[in-house]
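Engineer: Just so it is clear, I am handing over coords-v2.cif, which has mmCIF, C-alpha atoms and all ligand atoms.
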```cif
data_data
loop_
_atom_site.group_PDB
_atom_site.id
_atom_site.type_symbol
_atom_site.label_atom_id
_atom_site.label_comp_id
_atom_site.auth_asym_id
_atom_site.auth_seq_id
_atom_site.Cartn_x
_atom_site.Cartn_y
_atom_site.Cartn_z
ATOM 1 C CA MET N 16 -203.587 231.381 139.296
ATOM 2 C CA THR N 17 -201.548 230.912 136.127
ATOM 3 C CA GLY N 18 -198.692 228.602 137.133
ATOM 4 C CA THR N 19 -196.372 227.350 134.407
ATOM 5 C CA ARG N 20 -197.199 223.783 133.582
ATOM 6 C CA THR N 21 -194.443 221.328 132.852
ATOM 7 C CA ALA N 22 -194.604 219.422 129.540
ATOM 8 C CA PRO N 23 -196.983 216.545 130.326
ATOM 9 C CA ASP N 24 -194.497 213.766 129.556
ATOM 10 C CA ARG N 25 -191.379 215.281 131.069
ATOM 11 C CA VAL N 26 -189.823 212.876 133.573
ATOM 12 C CA GLU N 27 -188.070 214.358 136.562
ATOM 13 C CA PHE N 28 -186.256 212.539 139.371
ATOM 14 C CA SER N 29 -185.484 214.921 142.253
ATOM 15 C CA GLY N 30 -183.086 213.678 144.917
ATOM 16 C CA VAL N 31 -184.296 210.096 144.513
ATOM 17 C CA SER N 32 -182.753 207.409 146.725
ATOM 18 C CA LYS N 33 -183.842 203.832 147.228
ATOM 19 C CA ALA N 34 -182.918 201.374 149.952
ATOM 20 C CA TYR N 35 -184.412 197.896 150.195
ATOM 21 C CA GLY N 36 -185.162 196.840 153.780
ATOM 22 C CA ASP N 37 -184.030 198.883 156.742
ATOM 23 C CA GLY N 38 -181.606 198.947 159.649
ATOM 24 C CA ALA N 39 -178.233 197.237 159.445
ATOM 25 C CA THR N 40 -179.357 194.868 156.661
ATOM 26 C CA ALA N 41 -180.705 197.607 154.345
ATOM 27 C CA VAL N 42 -179.376 197.496 150.765
ATOM 28 C CA ARG N 43 -178.765 200.977 149.375
ATOM 29 C CA ALA N 44 -179.575 200.454 145.711
ATOM 30 C CA VAL N 45 -179.810 204.022 144.359
ATOM 31 C CA ASP N 46 -178.141 207.096 145.800
ATOM 32 C CA THR N 47 -179.441 210.668 145.548
ATOM 33 C CA THR N 48 -180.304 210.920 141.870
ATOM 34 C CA ASP N 49 -181.509 213.883 139.833
ATOM 35 C CA LEU N 50 -182.534 213.170 136.289
ATOM 36 C CA THR N 51 -184.639 214.836 133.641
ATOM 37 C CA ILE N 52 -185.894 213.057 130.539
ATOM 38 C CA GLU N 53 -187.528 215.272 127.942
ATOM 39 C CA PRO N 54 -190.521 214.015 125.925
ATOM 40 C CA GLY N 55 -189.442 211.951 122.928
ATOM 41 C CA GLU N 56 -185.949 211.168 124.196
ATOM 42 C CA PHE N 57 -184.571 207.640 123.966
ATOM 43 C CA VAL N 58 -182.438 207.216 127.064
ATOM 44 C CA SER N 59 -180.205 204.169 127.487
ATOM 45 C CA LEU N 60 -179.183 203.320 131.050
ATOM 46 C CA VAL N 61 -176.001 201.297 131.584
ATOM 47 C CA GLY N 62 -173.724 200.541 134.516
ATOM 48 C CA PRO N 63 -172.043 197.727 136.429
ATOM 49 C CA SER N 64 -174.151 194.731 137.421
ATOM 50 C CA GLY N 65 -176.248 195.424 140.515
ATOM 51 C CA CYS N 66 -175.781 199.212 140.356
ATOM 52 C CA GLY N 67 -179.515 199.951 140.515
ATOM 53 C CA LYS N 68 -180.591 200.252 136.842
ATOM 54 C CA THR N 69 -183.664 198.070 137.266
ATOM 55 C CA THR N 70 -184.514 199.899 140.484
ATOM 56 C CA VAL N 71 -184.514 203.239 138.622
ATOM 57 C CA LEU N 72 -186.823 201.767 135.984
ATOM 58 C CA GLN N 73 -189.102 200.112 138.552
ATOM 59 C CA MET N 74 -189.480 203.393 140.427
ATOM 60 C CA LEU N 75 -190.462 205.230 137.244
ATOM 61 C CA ALA N 76 -192.865 202.380 136.431
ATOM 62 C CA GLY N 77 -194.403 202.903 139.879
ATOM 63 C CA PHE N 78 -193.689 199.331 141.033
ATOM 64 C CA GLU N 79 -191.250 200.573 143.692
ATOM 65 C CA GLN N 80 -191.415 203.770 145.733
ATOM 66 C CA PRO N 81 -188.332 205.939 146.383
ATOM 67 C CA THR N 82 -187.084 205.938 149.978
ATOM 68 C CA SER N 83 -186.524 209.679 149.613
ATOM 69 C CA GLY N 84 -187.023 212.266 146.906
ATOM 70 C CA SER N 85 -189.736 212.221 144.286
ATOM 71 C CA ILE N 86 -190.409 211.322 140.657
ATOM 72 C CA ARG N 87 -192.721 213.415 138.517
ATOM 73 C CA ILE N 88 -194.233 212.915 135.096
ATOM 74 C CA GLY N 89 -195.280 216.369 134.016
ATOM 75 C CA ASP N 90 -196.839 217.850 137.144
ATOM 76 C CA ASP N 91 -197.872 214.519 138.646
ATOM 77 C CA VAL N 92 -195.894 212.690 141.308
ATOM 78 C CA VAL N 93 -195.531 208.984 140.507
ATOM 79 C CA THR N 94 -197.242 206.964 143.239
ATOM 80 C CA GLY N 95 -197.954 203.761 141.311
ATOM 81 C CA PRO N 96 -198.250 202.311 137.802
ATOM 82 C CA GLY N 97 -200.302 204.213 135.207
ATOM 83 C CA PRO N 98 -201.606 203.717 131.672
ATOM 84 C CA GLU N 99 -199.297 206.377 130.225
ATOM 85 C CA ARG N 100 -196.338 204.070 131.031
ATOM 86 C CA GLY N 101 -195.749 200.685 129.392
ATOM 87 C CA VAL N 102 -193.125 198.220 130.638
ATOM 88 C CA VAL N 103 -191.293 195.563 128.623
ATOM 89 C CA PHE N 104 -189.236 193.049 130.621
ATOM 90 C CA GLN N 105 -186.550 190.636 129.501
ATOM 91 C CA LYS N 106 -188.974 187.716 129.747
ATOM 92 C CA PRO N 107 -192.260 188.253 127.926
ATOM 93 C CA ASN N 108 -195.217 187.720 130.270
ATOM 94 C CA LEU N 109 -197.778 186.560 127.739
ATOM 95 C CA PHE N 110 -200.715 184.242 128.294
ATOM 96 C CA PRO N 111 -199.403 181.097 126.558
ATOM 97 C CA TRP N 112 -202.808 179.525 125.887
ATOM 98 C CA LYS N 113 -204.204 182.657 124.227
ATOM 99 C CA SER N 114 -203.567 183.718 120.647
ATOM 100 C CA VAL N 115 -201.154 186.531 119.857
ATOM 101 C CA ARG N 116 -204.133 188.687 118.880
ATOM 102 C CA ALA N 117 -205.982 187.980 122.150
ATOM 103 C CA ASN N 118 -202.858 188.853 124.144
ATOM 104 C CA VAL N 119 -202.505 192.137 122.288
ATOM 105 C CA GLU N 120 -206.205 192.972 122.563
ATOM 106 C CA LEU N 121 -206.279 192.373 126.300
ATOM 107 C CA GLY N 122 -205.244 195.886 127.370
ATOM 108 C CA PRO N 123 -207.804 197.712 125.179
ATOM 109 C CA ARG N 124 -210.426 195.126 126.211
ATOM 110 C CA LEU N 125 -209.820 195.781 129.906
ATOM 111 C CA ARG N 126 -210.185 199.488 129.238
ATOM 112 C CA GLY N 127 -213.564 198.886 127.608
ATOM 113 C CA ALA N 128 -212.656 199.402 123.920
ATOM 114 C CA SER N 129 -215.261 198.055 121.483
ATOM 115 C CA LYS N 130 -214.503 194.782 119.712
ATOM 116 C CA GLN N 131 -214.109 196.592 116.415
ATOM 117 C CA ASP N 132 -211.763 199.188 117.866
ATOM 118 C CA ARG N 133 -209.529 196.734 119.683
ATOM 119 C CA ARG N 134 -209.366 194.451 116.641
ATOM 120 C CA ALA N 135 -208.298 197.368 114.427
ATOM 121 C CA ARG N 136 -205.694 198.524 116.948
ATOM 122 C CA ALA N 137 -204.272 195.026 117.365
ATOM 123 C CA GLU N 138 -204.025 194.501 113.574
ATOM 124 C CA ASN N 139 -202.238 197.786 113.166
ATOM 125 C CA ILE N 140 -199.706 197.085 115.927
ATOM 126 C CA LEU N 141 -199.128 193.456 114.890
ATOM 127 C CA ASP N 142 -198.365 194.700 111.423
ATOM 128 C CA MET N 143 -195.930 197.228 112.872
ATOM 129 C CA VAL N 144 -193.971 194.568 114.782
ATOM 130 C CA GLY N 145 -194.041 192.060 111.910
ATOM 131 C CA LEU N 146 -196.478 189.587 113.469
ATOM 132 C CA ALA N 147 -199.495 190.105 111.200
ATOM 133 C CA ASP N 148 -199.220 186.549 109.874
ATOM 134 C CA PHE N 149 -199.006 185.070 113.367
ATOM 135 C CA ALA N 150 -202.020 186.750 114.961
ATOM 136 C CA ASP N 151 -203.925 183.491 115.436
ATOM 137 C CA ARG N 152 -201.032 181.444 116.795
ATOM 138 C CA ARG N 153 -200.886 180.620 120.490
ATOM 139 C CA THR N 154 -197.952 182.442 122.010
ATOM 140 C CA TYR N 155 -196.259 179.227 123.229
ATOM 141 C CA GLU N 156 -195.841 178.325 119.545
ATOM 142 C CA LEU N 157 -193.677 181.399 118.904
ATOM 143 C CA SER N 158 -189.886 181.702 118.959
ATOM 144 C CA GLY N 159 -188.261 183.858 121.671
ATOM 145 C CA GLY N 160 -187.869 186.777 119.254
ATOM 146 C CA MET N 161 -191.505 186.571 118.181
ATOM 147 C CA GLN N 162 -192.664 186.390 121.785
ATOM 148 C CA GLN N 163 -190.731 189.542 122.545
ATOM 149 C CA ARG N 164 -192.307 191.199 119.484
ATOM 150 C CA ALA N 165 -195.734 190.165 120.805
ATOM 151 C CA GLN N 166 -194.841 191.606 124.203
ATOM 152 C CA ILE N 167 -193.809 194.908 122.602
ATOM 153 C CA ALA N 168 -197.077 194.915 120.617
ATOM 154 C CA ARG N 169 -198.986 194.327 123.835
ATOM 155 C CA VAL N 170 -197.417 197.414 125.347
ATOM 156 C CA LEU N 171 -197.656 199.614 122.223
ATOM 157 C CA VAL N 172 -201.347 198.848 121.701
ATOM 158 C CA ASN N 173 -202.112 200.799 124.875
ATOM 159 C CA ASP N 174 -200.423 203.813 123.298
ATOM 160 C CA PRO N 175 -198.216 204.628 126.301
ATOM 161 C CA ARG N 176 -196.402 207.950 126.129
ATOM 162 C CA ILE N 177 -193.465 206.520 128.067
ATOM 163 C CA ILE N 178 -192.002 203.089 127.357
ATOM 164 C CA LEU N 179 -189.776 201.434 129.952
ATOM 165 C CA MET N 180 -187.663 198.539 128.733
ATOM 166 C CA ASP N 181 -185.530 196.372 131.011
ATOM 167 C CA GLU N 182 -183.028 194.322 128.985
ATOM 168 C CA PRO N 183 -185.802 193.500 126.495
ATOM 169 C CA PHE N 184 -183.475 191.776 124.041
ATOM 170 C CA GLY N 185 -181.103 190.245 126.602
ATOM 171 C CA ALA N 186 -182.333 186.680 126.135
ATOM 172 C CA LEU N 187 -182.300 186.695 122.317
ATOM 173 C CA ASP N 188 -179.682 185.375 119.917
ATOM 174 C CA ALA N 189 -177.430 187.984 118.309
ATOM 175 C CA LEU N 190 -179.151 188.104 114.910
ATOM 176 C CA THR N 191 -182.690 188.367 116.300
ATOM 177 C CA ARG N 192 -181.482 190.957 118.763
ATOM 178 C CA GLU N 193 -180.038 193.098 115.969
ATOM 179 C CA LYS N 194 -183.230 192.824 113.956
ATOM 180 C CA LEU N 195 -185.401 193.849 116.894
ATOM 181 C CA GLN N 196 -183.093 196.755 117.750
ATOM 182 C CA LEU N 197 -183.580 198.187 114.262
ATOM 183 C CA GLU N 198 -187.320 197.596 114.401
ATOM 184 C CA LEU N 199 -187.572 199.336 117.751
ATOM 185 C CA LEU N 200 -185.561 202.241 116.377
ATOM 186 C CA SER N 201 -187.915 202.525 113.387
ATOM 187 C CA ILE N 202 -190.975 202.480 115.644
ATOM 188 C CA TRP N 203 -189.438 205.108 117.902
ATOM 189 C CA ARG N 204 -188.461 207.315 114.929
ATOM 190 C CA GLU N 205 -192.032 207.147 113.656
ATOM 191 C CA HIS N 206 -193.910 207.573 116.941
ATOM 192 C CA HIS N 207 -191.423 209.458 119.087
ATOM 193 C CA ARG N 208 -192.398 208.088 122.453
ATOM 194 C CA THR N 209 -190.162 208.658 125.445
ATOM 195 C CA VAL N 210 -188.088 205.545 126.114
ATOM 196 C CA LEU N 211 -185.987 204.484 129.106
ATOM 197 C CA PHE N 212 -183.968 201.458 128.054
ATOM 198 C CA VAL N 213 -181.881 199.420 130.511
ATOM 199 C CA THR N 214 -179.171 197.304 128.923
ATOM 200 C CA HIS N 215 -175.861 195.578 129.649
ATOM 201 C CA SER N 216 -174.774 196.079 126.057
ATOM 202 C CA VAL N 217 -172.806 199.246 125.357
ATOM 203 C CA ASP N 218 -173.230 198.621 121.636
ATOM 204 C CA GLU N 219 -177.028 198.516 122.008
ATOM 205 C CA ALA N 220 -177.061 201.562 124.280
ATOM 206 C CA VAL N 221 -175.173 203.665 121.720
ATOM 207 C CA LEU N 222 -177.069 202.371 118.695
ATOM 208 C CA LEU N 223 -180.488 203.106 120.182
ATOM 209 C CA GLY N 224 -180.065 205.993 122.593
ATOM 210 C CA THR N 225 -180.215 209.698 121.993
ATOM 211 C CA ARG N 226 -178.515 209.811 125.400
ATOM 212 C CA VAL N 227 -176.609 207.223 127.386
ATOM 213 C CA LEU N 228 -176.584 207.460 131.174
ATOM 214 C CA VAL N 229 -173.811 205.615 132.996
ATOM 215 C CA MET N 230 -174.430 204.694 136.639
ATOM 216 C CA SER N 231 -171.749 204.161 139.270
ATOM 217 C CA ALA N 232 -171.446 200.923 141.253
ATOM 218 C CA ARG N 233 -174.047 200.427 144.026
ATOM 219 C CA PRO N 234 -175.442 202.568 145.511
ATOM 220 C CA GLY N 235 -175.879 203.809 141.962
ATOM 221 C CA ARG N 236 -175.952 207.389 140.864
ATOM 222 C CA ILE N 237 -175.680 208.831 137.400
ATOM 223 C CA MET N 238 -172.026 209.575 136.757
ATOM 224 C CA HIS N 239 -172.095 210.366 133.056
ATOM 225 C CA ASP N 240 -174.802 211.725 130.798
ATOM 226 C CA ILE N 241 -173.648 211.397 127.189
ATOM 227 C CA PRO N 242 -175.671 212.756 124.249
ATOM 228 C CA ILE N 243 -175.299 210.513 121.180
ATOM 229 C CA GLU N 244 -175.120 211.860 117.676
ATOM 230 C CA LEU N 245 -174.414 209.325 114.981
ATOM 231 C CA PRO N 246 -173.556 210.270 111.413
ATOM 232 C CA GLU N 247 -176.230 208.147 109.732
ATOM 233 C CA ASP N 248 -179.659 206.680 110.257
ATOM 234 C CA ALA N 249 -179.078 203.196 111.687
ATOM 235 C CA THR N 250 -182.674 202.090 111.055
ATOM 236 C CA ASP N 251 -181.732 201.336 107.485
ATOM 237 C CA GLU N 252 -180.657 197.702 107.705
ATOM 238 C CA GLY N 253 -178.175 198.170 104.884
ATOM 239 C CA ARG N 254 -176.441 201.058 106.639
ATOM 240 C CA SER N 255 -176.581 199.856 110.224
ATOM 241 C CA ALA N 256 -173.329 197.904 109.808
ATOM 242 C CA ALA N 257 -171.645 201.088 108.549
ATOM 243 C CA VAL N 258 -172.996 203.003 111.541
ATOM 244 C CA ARG N 259 -171.728 200.373 113.971
ATOM 245 C CA THR N 260 -168.240 200.511 112.496
ATOM 246 C CA SER N 261 -168.069 204.308 112.155
ATOM 247 C CA ALA N 262 -165.407 206.249 114.037
ATOM 248 C CA GLU N 263 -168.096 208.103 116.035
ATOM 249 C CA PHE N 264 -169.796 204.887 117.154
ATOM 250 C CA THR N 265 -166.497 203.315 118.194
ATOM 251 C CA SER N 266 -165.485 206.431 120.073
ATOM 252 C CA TYR N 267 -168.778 206.530 122.053
ATOM 253 C CA LYS N 268 -168.424 202.836 122.848
ATOM 254 C CA GLU N 269 -164.873 203.239 124.120
ATOM 255 C CA LYS N 270 -165.821 206.225 126.253
ATOM 256 C CA ILE N 271 -168.815 204.445 127.814
ATOM 257 C CA ALA N 272 -167.054 201.104 128.313
ATOM 258 C CA SER N 273 -164.242 202.929 130.078
ATOM 259 C CA ALA N 274 -166.729 204.835 132.273
ATOM 260 C CA ILE N 275 -168.397 201.544 133.293
ATOM 261 C CA TYR N 276 -165.017 199.965 133.980
ATOM 262 C CA HIS N 277 -164.002 202.862 136.229
ATOM 263 C CA ALA N 278 -167.430 202.854 137.900
ATOM 264 C CA HIS N 279 -166.427 199.542 139.520
ATOM 265 C CA SER N 280 -163.410 201.024 141.260
HETATM 266 N N1 LIG N 301 -186.630 193.626 145.907
HETATM 267 C C1 LIG N 301 -185.378 193.734 146.366
HETATM 268 N N2 LIG N 301 -185.089 193.471 147.673
HETATM 269 C C2 LIG N 301 -183.831 193.604 148.144
HETATM 270 N N3 LIG N 301 -182.779 193.994 147.411
HETATM 271 C C3 LIG N 301 -183.003 194.256 146.119
HETATM 272 C C4 LIG N 301 -184.308 194.143 145.527
HETATM 273 N N4 LIG N 301 -184.211 194.489 144.207
HETATM 274 C C5 LIG N 301 -182.908 194.790 143.998
HETATM 275 N N5 LIG N 301 -182.191 194.654 145.137
HETATM 276 C C6 LIG N 301 -180.750 194.944 145.287
HETATM 277 O O1 LIG N 301 -180.535 196.292 144.897
HETATM 278 C C7 LIG N 301 -179.314 196.395 144.149
HETATM 279 C C8 LIG N 301 -179.626 196.987 142.792
HETATM 280 O O2 LIG N 301 -180.388 196.026 142.035
HETATM 281 P P1 LIG N 301 -180.899 196.305 140.565
HETATM 282 O O3 LIG N 301 -181.593 195.067 140.104
HETATM 283 O O4 LIG N 301 -181.650 197.571 140.538
HETATM 284 O O5 LIG N 301 -179.529 196.509 139.779
HETATM 285 P P2 LIG N 301 -179.193 196.371 138.224
HETATM 286 O O6 LIG N 301 -178.172 197.398 137.928
HETATM 287 O O7 LIG N 301 -180.423 196.382 137.417
HETATM 288 O O8 LIG N 301 -178.548 194.921 138.189
HETATM 289 P P3 LIG N 301 -178.203 193.957 136.952
HETATM 290 O O9 LIG N 301 -177.358 194.763 136.012
HETATM 291 O O10 LIG N 301 -177.408 192.855 137.570
HETATM 292 O O11 LIG N 301 -179.497 193.527 136.360
HETATM 293 C C9 LIG N 301 -178.716 195.001 144.095
HETATM 294 O O12 LIG N 301 -177.765 194.891 145.113
HETATM 295 C C10 LIG N 301 -179.906 194.087 144.361
HETATM 296 O O13 LIG N 301 -179.495 192.897 144.984
#
```
What does this structure look like when you write it as structure tokens?
Ligand SMILES: Nc1ncnc2c1ncn2[C@@H]1O[C@H](COP(=O)(O)OP(=O)(O)OP(=O)(O)O)[C@@H](O)[C@H]1O
Structural biologist:
Amino acid sequence: MTGTRTAPDRVEFSGVSKAYGDGATAVRAVDTTDLTIEPGEFVSLVGPSGCGKTTVLQMLAGFEQPTSGSIRIGDDVVTGPGPERGVVFQKPNLFPWKSVRANVELGPRLRGASKQDRRARAENILDMVGLADFADRRTYELSGGMQQRAQIARVLVNDPRIILMDEPFGALDALTREKLQLELLSIWREHHRTVLFVTHSVDEAVLLGTRVLVMSARPGRIMHDIPIELPEDATDEGRSAAVRTSAEFTSYKEKIASAIYHAHS
């Protein structure tokens, strides 16, 4: 039989709903949702507080199962977590007593990579996220921004094809946040992984996303799917301010902020 195979990293939600609990006390978090994410897309997910953004991400991560409908990656139905998906949360979950390098090497070590291989991979990734000089520090010694960099390195070292990020920069100060946004954008431009990025910041959603999805109030469903095309490359630190103040950027922000505002009503 010669069936057509779907691209291996294509994400597809078909009629996905999620309720927590059952009976009269059930919380309907996500309503019937269809969604396709093509390989290499950077999709920002925004919406009113409690509308089900994290639930969408957790279902794709395989930590939660849909109540109805199904989620596929390529031809495979998601039934649990898998090595092709890496998850970055708002709070880094690093081992504080281990060095940055040991934290980053843990994934490859658990998968049986040789010492030489995992060392080389860790060095490469730590360099990429700007932590090469901090490899031997214990993670509790790092600032919040550095800890989040280490967390991103820990996910990237496993070479996931799909990266799921839930408010990863939400706890950082504005300057560090901006720096990490640009770094993430550079990494994505270079490696072109598929990214699903949950954020409360419309500015961040527009700056990073190739698409912004706006969810309605709970039970959430995707109300708007907005492709983003900005005039310039925002990864260049010198030009990012110009991008953020461009007419296109402002217009996207206004459109999305208004959609979120109306999603409440
Ligand atoms: N494990 C759970 N058990 C019961 N209810 C839950 C659980 N997780 C989430 N919920 C509820 O489901 C709804 C959607 O939550 P979710 O965290 O997905 O929304 P969100 O859009 O990410 O929220 P926020 O923007 O505030 O982070 C909320 O009403 C929440 O209280």
Engineer: Could you pull out the residues sitting within 7 Å of ligand LIG 301 (chain N), using all atoms listed in the file, and write them as JSON, numbers by chain?
Structural biologist: {"N": [35, 36, 42, 43, 44, 62, 63, 64, 65, 66, 67, 68, 69, 70, 71, 215, 233]}
Engineer: On this structure, the PyMOL selection byres (((chain N and resi 214) around 8) and not hetatm) would catch which residues? List them as a list of chain:residue names, sorted by chain and number.
Structural biologist: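 Applying the expression gives N:Ser59, N:Leu60, N:Val61, N:Asp181, N:Glu182, N:Gly185, N:Phe212, N:Val213, N:His215, N:Ser216, N:Val217, N:Glu219, N:Ala220.
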Engineer: Hey, can I get the axis-aligned box for range 32-51 of chain N? All listed atoms, 6 Å padding on each side, centre and edge lengths in Å to one decimal, as lines of an AutoDock Vina configuration file.
Structural biologist:
```
center_x = -181.7
center_y = 204.9
center_z = 146.6
size_x = 19.0
size_y = 32.0
size_z = 38.0
```
Engineer: Quick one: which residues end up in the PyMOL selection byres (((chain N and resi 228) around 7) and not hetatm) for this structure, as JSON, numbers by chain?
Structural biologist: {"N": [59, 60, 61, 226, 227, 229, 230, 237, 239, 240, 241]}
Engineer: Which residues fall under the PyMOL selection byres (((chain N and resi 88) around 10) and not hetatm) in this file, as a PyMOL selection string?
Structural biologist: chain N and resi 21-28+51-52+54+75+86-87+89-93+99-100+177
Engineer: Could you pull the residues within 12 Å of His207 in chain N, counting only C-alpha atoms, minus those fewer than 6 positions along the same chain, as a PyMOL selection string?
Structural biologist: chain N and resi 24+53-57+174-178+199-201+225
Engineer: CA of Ser32 in chain N and CA of Thr47 in chain N, how far apart in Å?
Structural biologist: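 Answer for the CA of Thr47 in chain N to CA of Ser32 in chain N separation: 4.8 Å.
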Engineer: For Ala257 in chain N, please output as a list of chain:residue names all residues within 12 Å (counting only C-alpha atoms; exclusion window: fewer than 6 positions along the same chain).
Structural biologist: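 After dropping sequence-adjacent residues, the list is N:Leu222, N:Leu245, N:Pro246, N:Glu247, N:Asp248, N:Ala249, N:Thr250, N:Asp251, N:Glu263, N:Phe264, N:Thr265.
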